[in-house]
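Text of entry.txt, listed as compact mmCIF, C-alpha atoms:
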# COMPACT_ATOMS: atom_id res chain seq x y z
CA MET A 1 45.10 53.25 327.01
CA LEU A 2 42.31 50.80 326.63
CA ASP A 3 43.50 47.22 326.61
CA ILE A 4 41.81 45.40 323.75
CA ALA A 5 42.29 42.10 325.56
CA THR A 6 39.68 43.07 328.16
CA PHE A 7 37.07 42.64 325.47
CA PHE A 8 38.29 39.11 324.70
CA PRO A 9 38.69 37.44 328.10
CA ASN A 10 38.40 33.99 326.51
CA GLY A 11 40.61 34.66 323.49
CA ILE A 12 39.32 34.40 319.95
CA GLY A 13 40.57 31.00 318.76
CA HIS A 14 37.51 28.81 319.30
CA TYR A 15 35.20 31.64 318.23
CA ALA A 16 36.98 32.12 314.91
CA LEU A 17 37.38 28.40 314.26
CA GLY A 18 33.72 27.76 315.10
CA GLY A 19 32.72 30.54 312.73
CA LEU A 20 34.85 29.11 309.92
CA LEU A 21 33.17 25.71 310.38
CA ILE A 22 29.70 27.29 310.30
CA GLY A 23 30.67 28.87 306.99
CA LEU A 24 32.12 25.57 305.79
CA GLY A 25 28.89 23.71 306.60
CA ALA A 26 26.91 26.23 304.55
CA THR A 27 29.53 25.94 301.79
CA VAL A 28 29.25 22.13 301.55
CA ILE A 29 25.50 22.38 300.98
CA TYR A 30 25.80 25.35 298.62
CA LEU A 31 28.47 23.89 296.34
CA ALA A 32 26.70 20.54 296.04
CA THR A 33 23.14 21.79 295.70
CA GLY A 34 23.13 25.54 295.08
CA ILE A 35 20.91 25.91 298.14
CA ILE A 36 21.60 28.77 300.56
CA ALA A 37 20.57 27.15 303.81
CA GLY A 38 19.33 29.33 306.65
CA ALA A 39 18.27 27.88 309.97
CA SER A 40 14.97 29.65 310.58
CA THR A 41 12.93 28.69 307.49
CA PHE A 42 12.76 25.28 309.21
CA LEU A 43 10.24 26.83 311.62
CA GLU A 44 7.68 27.68 308.95
CA SER A 45 8.34 24.72 306.67
CA THR A 46 7.94 22.32 309.60
CA LEU A 47 4.67 23.99 310.61
CA SER A 48 3.30 22.81 307.24
CA TYR A 49 3.29 19.26 308.65
CA VAL A 50 0.76 20.23 311.31
CA SER A 51 -1.03 23.37 310.05
CA LYS A 52 -3.29 23.88 307.05
CA LEU A 53 -2.61 27.61 307.08
CA PRO A 54 -1.82 28.52 303.44
CA ARG A 55 1.20 30.59 304.42
CA PHE A 56 3.00 27.49 305.66
CA ASN A 57 1.86 25.37 302.72
CA GLN A 58 3.47 27.35 299.93
CA GLY A 59 5.34 25.24 297.41
CA LYS A 60 8.73 26.46 298.55
CA TYR A 61 8.06 25.14 302.05
CA LEU A 62 6.45 21.87 300.95
CA ARG A 63 9.36 21.10 298.60
CA SER A 64 12.02 21.87 301.19
CA ARG A 65 10.48 20.77 304.46
CA ASP A 66 11.96 17.26 304.49
CA TRP A 67 15.56 18.29 303.86
CA ARG A 68 15.19 21.16 306.32
CA VAL A 69 14.34 18.60 309.00
CA VAL A 70 17.48 16.65 308.00
CA PHE A 71 19.58 19.84 308.07
CA THR A 72 18.30 20.69 311.56
CA LEU A 73 18.93 17.14 312.82
CA GLY A 74 22.45 17.51 311.39
CA ILE A 75 22.95 20.70 313.41
CA VAL A 76 21.78 18.91 316.57
CA GLY A 77 24.04 15.93 315.79
CA GLY A 78 27.09 18.03 314.92
CA ALA A 79 26.83 19.94 318.19
CA ALA A 80 26.42 16.64 320.04
CA ILE A 81 29.61 15.32 318.40
CA TYR A 82 31.40 18.48 319.56
CA ALA A 83 30.09 18.04 323.12
CA PHE A 84 31.07 14.36 323.12
CA LEU A 85 34.62 14.95 321.85
CA PHE A 86 35.39 18.02 323.96
CA ASN A 87 33.14 17.36 326.96
CA GLY A 88 31.13 20.41 326.01
CA TRP A 89 27.86 19.38 327.67
CA PHE A 90 25.99 22.37 329.01
CA THR A 91 22.77 23.42 330.71
CA THR A 92 21.77 27.07 330.70
CA GLU A 93 20.92 29.05 333.81
CA VAL A 94 18.93 31.62 331.82
CA GLN A 95 15.41 31.61 333.16
CA TRP A 96 12.69 29.73 331.25
CA TRP A 97 10.50 32.78 330.74
CA ARG A 98 13.34 34.63 329.03
CA LEU A 99 13.89 31.66 326.72
CA LEU A 100 10.18 31.26 325.94
CA GLY A 101 9.35 34.96 325.57
CA GLY A 102 12.56 35.81 323.75
CA GLY A 103 12.17 32.75 321.55
CA PHE A 104 8.64 33.83 320.62
CA LEU A 105 9.87 37.25 319.48
CA VAL A 106 12.77 35.64 317.60
CA GLY A 107 10.23 33.42 315.81
CA VAL A 108 8.08 36.40 314.83
CA GLY A 109 11.02 38.60 313.88
CA THR A 110 12.96 36.14 311.77
CA ARG A 111 9.97 35.25 309.64
CA LEU A 112 8.78 38.85 309.25
CA GLY A 113 12.32 40.06 308.54
CA LYS A 114 13.09 37.27 306.00
CA GLY A 115 15.96 35.68 307.87
CA CYS A 116 17.99 35.24 311.01
CA THR A 117 21.59 35.17 312.20
CA SER A 118 22.47 32.47 309.67
CA GLY A 119 20.35 33.58 306.70
CA HIS A 120 20.99 37.33 306.92
CA GLY A 121 23.97 37.31 309.27
CA VAL A 122 26.13 34.70 307.55
CA CYS A 123 24.81 34.10 304.02
CA GLY A 124 23.31 37.55 303.42
CA ILE A 125 26.40 39.39 304.66
CA GLY A 126 28.50 36.93 302.66
CA SER A 127 26.46 37.99 299.62
CA ALA A 128 27.05 41.68 300.41
CA SER A 129 23.25 42.05 300.35
CA GLN A 130 22.16 45.54 301.40
CA THR A 131 18.89 44.14 302.73
CA SER A 132 20.79 41.74 304.98
CA ILE A 133 23.20 44.41 306.17
CA VAL A 134 20.27 46.64 307.15
CA ASN A 135 18.59 43.72 308.92
CA VAL A 136 21.74 42.66 310.81
CA VAL A 137 22.62 46.21 311.90
CA THR A 138 19.04 46.61 313.12
CA PHE A 139 18.82 43.39 315.12
CA MET A 140 22.35 43.81 316.48
CA ALA A 141 21.69 47.33 317.77
CA VAL A 142 18.29 46.43 319.22
CA ALA A 143 19.62 43.24 320.83
CA ILE A 144 22.51 45.11 322.47
CA GLY A 145 20.12 47.72 323.83
CA THR A 146 17.67 45.06 325.02
CA ALA A 147 20.27 42.86 326.72
CA GLN A 148 21.83 45.84 328.50
CA LEU A 149 18.41 47.06 329.61
CA VAL A 150 17.50 43.63 330.97
CA GLN A 151 20.84 43.54 332.80
CA ALA A 152 20.30 47.05 334.17
CA LEU A 153 16.91 45.95 335.49
CA GLY A 154 18.76 43.38 337.54
CA VAL A 155 17.54 40.26 335.74
CA SER A 156 20.33 37.68 335.82
CA PRO A 157 20.77 35.24 334.39
CA MET B 1 15.27 23.87 286.09
CA SER B 2 16.17 21.98 289.19
CA THR B 3 15.28 18.42 289.98
CA GLU B 4 14.30 18.73 293.59
CA THR B 5 11.06 16.87 293.78
CA THR B 6 11.32 14.04 296.23
CA ASP B 7 11.31 11.22 293.66
CA GLU B 8 13.90 12.75 291.33
CA ARG B 9 16.46 13.80 293.87
CA HIS B 10 20.06 12.79 293.51
CA PRO B 11 20.87 9.92 295.92
CA LEU B 12 23.57 12.05 297.52
CA PHE B 13 21.24 15.02 298.13
CA MET B 14 20.14 14.10 301.65
CA PRO B 15 23.58 12.80 302.75
CA VAL B 16 25.15 16.12 301.71
CA ILE B 17 22.47 18.11 303.54
CA LEU B 18 23.15 16.00 306.63
CA LEU B 19 26.91 16.41 306.29
CA GLY B 20 26.57 20.18 305.91
CA GLY B 21 24.29 20.29 308.96
CA LEU B 22 26.77 18.26 311.00
CA VAL B 23 29.66 20.61 310.18
CA PHE B 24 27.42 23.64 310.75
CA GLY B 25 26.29 22.29 314.13
CA PHE B 26 29.80 21.28 315.18
CA GLY B 27 30.89 24.85 314.42
CA LEU B 28 28.04 26.27 316.46
CA GLY B 29 29.04 24.06 319.38
CA LEU B 30 32.72 24.94 319.13
CA SER B 31 31.95 28.65 318.76
CA GLN B 32 30.04 28.61 322.10
CA MET B 33 27.15 30.38 320.41
CA ALA B 34 24.87 27.53 321.48
CA LYS B 35 25.14 28.91 325.03
CA PRO B 36 22.73 31.82 325.70
CA GLU B 37 25.11 33.07 328.41
CA VAL B 38 27.89 33.59 325.86
CA VAL B 39 25.57 35.51 323.52
CA LEU B 40 24.38 37.69 326.42
CA ASP B 41 28.01 38.33 327.43
CA PHE B 42 28.60 39.53 323.89
CA LEU B 43 25.54 41.79 323.84
CA GLN B 44 26.55 43.24 327.22
CA PHE B 45 30.11 43.89 325.93
CA ASP B 46 31.72 41.49 328.42
CA ASP B 47 33.22 39.28 325.69
CA LEU B 48 33.17 40.37 322.05
CA GLY B 49 34.46 37.04 320.74
CA LEU B 50 31.17 36.39 318.93
CA LEU B 51 32.21 38.98 316.35
CA PHE B 52 34.67 36.37 315.12
CA VAL B 53 31.97 33.72 314.86
CA MET B 54 29.72 35.69 312.55
CA GLY B 55 32.67 37.36 310.85
CA GLY B 56 34.47 34.08 310.27
CA ALA B 57 31.36 32.38 308.93
CA ALA B 58 30.46 35.30 306.65
CA ALA B 59 34.04 35.47 305.35
CA VAL B 60 33.85 31.82 304.27
CA THR B 61 30.47 32.19 302.57
CA ALA B 62 31.66 35.41 300.89
CA VAL B 63 34.58 33.55 299.29
CA THR B 64 32.32 30.62 298.38
CA PHE B 65 29.68 32.83 296.75
CA ALA B 66 32.29 34.94 294.95
CA VAL B 67 34.01 31.91 293.44
CA ALA B 68 30.93 29.79 292.69
CA THR B 69 28.94 32.55 290.99
CA ARG B 70 31.84 33.06 288.57
CA LEU B 71 32.17 29.38 287.68
CA ASP B 72 29.56 29.34 284.92
CA ARG B 73 28.44 25.95 286.20
CA THR B 74 25.40 24.58 287.98
CA ALA B 75 25.28 22.67 291.23
CA PRO B 76 26.09 18.98 290.58
CA LEU B 77 23.31 17.44 292.69
CA THR B 78 20.44 19.68 291.65
CA GLY B 79 21.32 21.53 288.48
CA ARG B 80 20.60 24.79 290.28
CA ALA B 81 22.42 27.96 289.30
CA TYR B 82 24.81 29.41 291.87
CA THR B 83 23.29 32.66 293.13
CA ARG B 84 23.80 35.08 295.97
CA ARG B 85 21.37 35.55 298.82
CA LEU B 86 19.65 38.78 297.80
CA LYS B 87 16.26 39.55 299.32
CA SER B 88 14.10 42.55 298.55
CA MET B 89 14.14 45.46 300.97
CA ASP B 90 10.91 46.61 302.58
CA ARG B 91 9.61 47.83 305.92
CA ASN B 92 9.27 44.27 307.23
CA VAL B 93 13.03 43.79 307.05
CA LEU B 94 13.40 46.62 309.58
CA VAL B 95 10.42 45.73 311.77
CA GLY B 96 11.29 42.04 311.73
CA GLY B 97 14.92 42.77 312.51
CA GLY B 98 13.85 44.94 315.44
CA ILE B 99 11.52 42.28 316.87
CA PHE B 100 14.22 39.64 316.35
CA GLY B 101 16.68 41.88 318.18
CA VAL B 102 14.41 42.29 321.22
CA GLY B 103 13.94 38.52 321.36
CA TRP B 104 17.64 37.78 320.91
CA GLY B 105 18.52 40.33 323.59
CA ILE B 106 16.05 38.83 326.07
CA SER B 107 16.87 35.17 325.46
CA GLY B 108 20.42 35.12 324.07
CA ILE B 109 19.44 32.49 321.53
CA CYS B 110 18.74 32.39 317.78
CA PRO B 111 17.31 29.53 315.69
CA GLY B 112 20.47 27.73 314.50
CA ALA B 113 22.18 28.10 317.85
CA ALA B 114 19.04 26.79 319.56
CA TYR B 115 19.11 23.54 317.55
CA ALA B 116 22.81 23.15 318.35
CA SER B 117 22.04 23.84 322.00
CA VAL B 118 19.84 20.73 322.07
CA GLY B 119 22.87 18.80 320.82
CA ILE B 120 25.05 19.88 323.73
CA GLY B 121 22.38 18.60 326.11
CA ASN B 122 20.84 21.93 327.01
CA LEU B 123 17.26 20.79 327.50
CA PRO B 124 15.87 24.11 328.86
CA ILE B 125 16.48 25.51 325.36
CA LEU B 126 13.32 23.62 324.31
CA TRP B 127 11.44 26.54 325.91
CA ALA B 128 13.08 28.81 323.33
CA ILE B 129 12.46 26.47 320.39
CA GLY B 130 8.82 26.12 321.46
CA GLY B 131 8.63 29.91 321.61
CA MET B 132 10.13 30.21 318.12
CA PHE B 133 7.52 27.84 316.66
CA LEU B 134 4.75 29.76 318.43
CA GLY B 135 6.15 33.04 317.13
CA ALA B 136 6.50 31.75 313.58
CA TYR B 137 2.94 30.43 313.75
CA ALA B 138 1.57 33.67 315.22
CA GLN B 139 3.08 35.86 312.49
CA GLY B 140 1.84 33.49 309.77
CA TYR B 141 -1.65 33.43 311.27
CA LEU B 142 -1.85 37.20 311.77
CA ARG B 143 -0.41 38.05 308.36
CA ALA B 144 -2.97 35.80 306.72
CA ARG B 145 -5.74 37.55 308.66
CA VAL B 146 -4.46 41.05 307.91
CA SER B 147 -3.80 40.59 304.20
CA GLY B 148 -6.87 38.46 303.56
CA ASP B 149 -4.22 35.95 302.57
CA SER B 150 -2.36 36.64 299.37
CA THR B 151 -1.23 33.05 298.88
CA SER B 152 -3.56 30.48 297.36
CA ALA B 153 -6.39 29.19 299.49
CA VAL B 154 -5.41 25.68 300.54
CA GLY B 155 -8.04 25.77 303.24
CA ALA B 156 -8.74 27.74 306.36
CA ASP B 157 -6.94 26.86 309.55
Would you write the structure of this file as structure tokens?
Amino acid sequence: MLDIATFFPNGIGHYALGGLLIGLGATVIYLATGIIAGASTFLESTLSYVSKLPRFNQGKYLRSRDWRVVFTLGIVGGAAIYAFLFNGWFTTEVQWWRLLGGGFLVGVGTRLGKGCTSGHGVCGIGSASQTSIVNVVTFMAVAIGTAQLVQALGVSP
Amino acid sequence: MSTETTDERHPLFMPVILLGGLVFGFGLGLSQMAKPEVVLDFLQFDDLGLLFVMGGAAAVTAVTFAVATRLDRTAPLTGRAYTRRLKSMDRNVLVGGGIFGVGWGISGICPGAAYASVGIGNLPILWAIGGMFLGAYAQGYLRARVSGDSTSAVGAD
């Protein structure tokens, strides 16, 4: 018999509670404003401050870029409050080239694929959007394969 | 139509965005998703707790969307209609999801979690955020070149 607990060595409490709060944060904004806030549009809308490229200067980015900065600063601040209250300060051991290279591909992929873990993964799945389900299944499967391949190649962390 | 131009915004618009961001970021901190190591543990099947993060968050937004879209009301601060997050399906959703997955699998970090990671004092994550901006810029630049730019010409970059 396979013990299910081996897959949850750290329990599920803080994971589930954290997830509920992520959903609650999106809910607060949605109920008050009707806006479905994803985290990755910030990348393109913020580029409009420094780039004249028409793609980043579409009306939808120009109209939303200021509140997207505020939303992102809120995310930074909320996590800082968590770290302060629960002594959750942390520095990653994952190597810089993995962060930079992986981050680059995340930046390309989220914008090409119309969303990320929050846009498709949380709000899109919450909307039962077929497009989002396809996107999430795709990135989940590819990410699992990639991470296991990187591990098998002996790169750690 | 909505009143979202900067000068006509409701005075509570930005405070609510900030509040939502704070809750969202606190949840990301508590959920441990702001740590690339925890995401990589999930993708390598060492700890599947992250299922409860995305599942918990999507469950909350699903209830929110289901209730709000039946209210026959508009959002109080903007006058926007309550809608679901439904994006059109095309090849880019698959290709983008795949590229996102490779990046997520290499780095263990996605956009929202990266901002939260700054909040918990994880400065090396700036490599990833820099990479995301570069990636978002690269896809915008290349797509403009490939398509001859379908959006209006604001000026060449």
Fewer than 5 positions away in the same chain doesn't count, so skip those; otherwise give me all residues within 12 Å of B:Pro15, counting all atoms listed in the file, as a tab-separated table (two decimals) with C-alpha atoms, in the frame of the given file.
chain	number	residue	atom	x	y	z
A	28	VAL	CA	29.25	22.13	301.55
A	29	ILE	CA	25.50	22.38	300.98
A	32	ALA	CA	26.70	20.54	296.04
A	33	THR	CA	23.14	21.79	295.70
A	67	TRP	CA	15.56	18.29	303.86
A	70	VAL	CA	17.48	16.65	308.00
A	71	PHE	CA	19.58	19.84	308.07
A	73	LEU	CA	18.93	17.14	312.82
A	74	GLY	CA	22.45	17.51	311.39
B	9	ARG	CA	16.46	13.80	293.87
B	10	HIS	CA	20.06	12.79	293.51
B	20	GLY	CA	26.57	20.18	305.91
B	21	GLY	CA	24.29	20.29	308.96
B	22	LEU	CA	26.77	18.26	311.00
B	77	LEU	CA	23.31	17.44	292.69
Stretch 124-130 of chain A environment, 6 Å, all atoms listed in the file, sequence neighbours closer than 4 positions dropped, as a PyMOL selection string | (chain A and resi 119-120) or (chain B and resi 58+61-62+84-86)
Please return the centre and edge lengths, in Å to one decimal, of a box with edges along x, y and z that contains all listed atoms of stretch 96-108 of chain B, widened by 5 Å on every side, as AutoDock Vina command-line options.
--center_x 15.9 --center_y 40.0 --center_z 318.9 --size_x 19.1 --size_y 19.8 --size_z 24.3
Once you count only C-alpha atoms, which residues end up no further than 6 Å from (20.0, 31.7, 308.3) in the file's frame, shown as number ranges by chain?
-> A: 38-40, 115-120
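Going from atom CA of B:Val146 over to atom CA of A:Gly109, you cover 16.8 Å.
Of the residues listed (A:Tyr30, A:Phe42, A:Phe86, A:Tyr15), A:Tyr15 shows the shortest atom-to-atom separation from chain B; distances use only C-alpha atoms.
Across B:Ala75, B:Ala113, B:Ala66, B:Leu126, the tightest approach to chain A is made by B:Ala75 when counting all atoms listed in the file.
Reported to one decimal place, the separation of atom CA of B:Val93 from atom CA of A:Ile133 is 10.2 Å.
The interatomic distance for the pair atom CA of A:Gly107 and atom CA of A:Ala143 works out to 14.5 Å.
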Between B:Asp41, B:Ala34, B:Trp127, B:Arg143, which one has atoms that come closest to chain A, using only C-alpha atoms?
-> B:Trp127
Nearby residues (only C-alpha atoms) at most 9 Å from B:Ala81, same-chain spacing under 2 positions excluded, as a PyMOL selection string = (chain A and resi 33-34) or (chain B and resi 1-2+69+72-75+78-79+83)
Residue contacts of B:Pro124 (10 Å, only C-alpha atoms) excluding same-chain residues fewer than 4 positions away, as a list of chain:residue names = A:Thr91, A:Thr92, A:Glu93, A:Val94, A:Gln95, A:Trp96, A:Leu99, A:Leu100, B:Ser117, B:Val118, B:Ala128, B:Ile129
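Of the residues under consideration (B:Ser147, B:Tyr82, B:Ala136, B:Gly98), B:Ala136 shows the shortest atom-to-atom contact distance to A:Leu43 when counting all atoms listed in the file.
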Using all atoms listed in the file, which residues sit within 6 Å of B:Asp47 once same-chain residues fewer than 5 positions away are excluded, as a PDB file with C-alpha atoms, in the frame of the given file?
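As a result, around23.pdb now contains:
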ATOM      1  CA  PHE A   7      37.070  42.640 325.470  1.00  0.00           C
ATOM      2  CA  PHE A   8      38.290  39.110 324.700  1.00  0.00           C
TER       3      PHE A   8
ATOM      4  CA  ASP B  41      28.010  38.330 327.430  1.00  0.00           C
ATOM      5  CA  PHE B  42      28.600  39.530 323.890  1.00  0.00           C
TER       6      PHE B  42
END
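Residue nearest A:Ser132, chosen from A:Gln148, A:Ser64, A:Asn10, A:Thr110 and counting only C-alpha atoms: A:Thr110.
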Between B:Ile120, B:Ser31, B:Gly97, B:Gln139, which one has atoms that come closest to B:Gly55, using all atoms listed in the file?
-> B:Ser31
My structure is short of atoms at stretch 5-31 of chain A; please model N, CA and C atoms there, returning them as a compact mmCIF listing (two decimals), in the frame of the given file.
# COMPACT_ATOMS: atom_id res chain seq x y z
N ALA A 5 42.46 43.46 325.04
CA ALA A 5 42.29 42.10 325.56
C ALA A 5 41.14 42.00 326.58
N THR A 6 40.78 43.13 327.20
CA THR A 6 39.68 43.07 328.16
C THR A 6 38.37 42.73 327.49
N PHE A 7 38.29 42.98 326.19
CA PHE A 7 37.07 42.64 325.47
C PHE A 7 37.06 41.19 324.99
N PHE A 8 38.20 40.51 325.13
CA PHE A 8 38.29 39.11 324.70
C PHE A 8 38.88 38.24 325.82
N PRO A 9 38.16 38.16 326.95
CA PRO A 9 38.69 37.44 328.10
C PRO A 9 38.92 35.95 327.83
N ASN A 10 38.24 35.41 326.83
CA ASN A 10 38.40 33.99 326.51
C ASN A 10 39.15 33.77 325.20
N GLY A 11 39.89 34.79 324.76
CA GLY A 11 40.61 34.66 323.49
C GLY A 11 39.65 34.68 322.31
N ILE A 12 40.19 34.40 321.13
CA ILE A 12 39.32 34.40 319.95
C ILE A 12 39.39 33.09 319.15
N GLY A 13 40.32 32.19 319.56
CA GLY A 13 40.57 31.00 318.76
C GLY A 13 39.35 30.15 318.47
N HIS A 14 38.65 29.70 319.53
CA HIS A 14 37.51 28.81 319.30
C HIS A 14 36.34 29.55 318.65
N TYR A 15 36.25 30.86 318.89
CA TYR A 15 35.20 31.64 318.23
C TYR A 15 35.44 31.67 316.72
N ALA A 16 36.67 32.02 316.33
CA ALA A 16 36.98 32.12 314.91
C ALA A 16 36.89 30.77 314.21
N LEU A 17 37.42 29.73 314.86
CA LEU A 17 37.38 28.40 314.26
C LEU A 17 35.94 27.90 314.12
N GLY A 18 35.14 28.14 315.17
CA GLY A 18 33.72 27.76 315.10
C GLY A 18 33.03 28.47 313.95
N GLY A 19 33.33 29.77 313.81
CA GLY A 19 32.72 30.54 312.73
C GLY A 19 33.11 30.01 311.36
N LEU A 20 34.39 29.66 311.20
CA LEU A 20 34.85 29.11 309.92
C LEU A 20 34.10 27.81 309.60
N LEU A 21 33.87 26.98 310.62
CA LEU A 21 33.17 25.71 310.38
C LEU A 21 31.70 25.95 310.03
N ILE A 22 31.08 26.94 310.66
CA ILE A 22 29.70 27.29 310.30
C ILE A 22 29.64 27.67 308.82
N GLY A 23 30.61 28.49 308.40
CA GLY A 23 30.67 28.87 306.99
C GLY A 23 30.95 27.68 306.09
N LEU A 24 31.79 26.76 306.57
CA LEU A 24 32.12 25.57 305.79
C LEU A 24 30.90 24.66 305.61
N GLY A 25 30.12 24.52 306.69
CA GLY A 25 28.89 23.71 306.60
C GLY A 25 27.95 24.26 305.55
N ALA A 26 27.78 25.59 305.56
CA ALA A 26 26.91 26.23 304.55
C ALA A 26 27.52 26.05 303.16
N THR A 27 28.85 26.09 303.08
CA THR A 27 29.53 25.94 301.79
C THR A 27 29.33 24.55 301.19
N VAL A 28 29.43 23.51 302.02
CA VAL A 28 29.25 22.13 301.55
C VAL A 28 27.90 21.99 300.86
N ILE A 29 26.85 22.49 301.53
CA ILE A 29 25.50 22.38 300.98
C ILE A 29 25.36 23.23 299.71
N TYR A 30 25.92 24.42 299.75
CA TYR A 30 25.80 25.35 298.62
C TYR A 30 26.49 24.81 297.37
N LEU A 31 27.72 24.35 297.53
CA LEU A 31 28.47 23.89 296.34
C LEU A 31 27.82 22.65 295.73
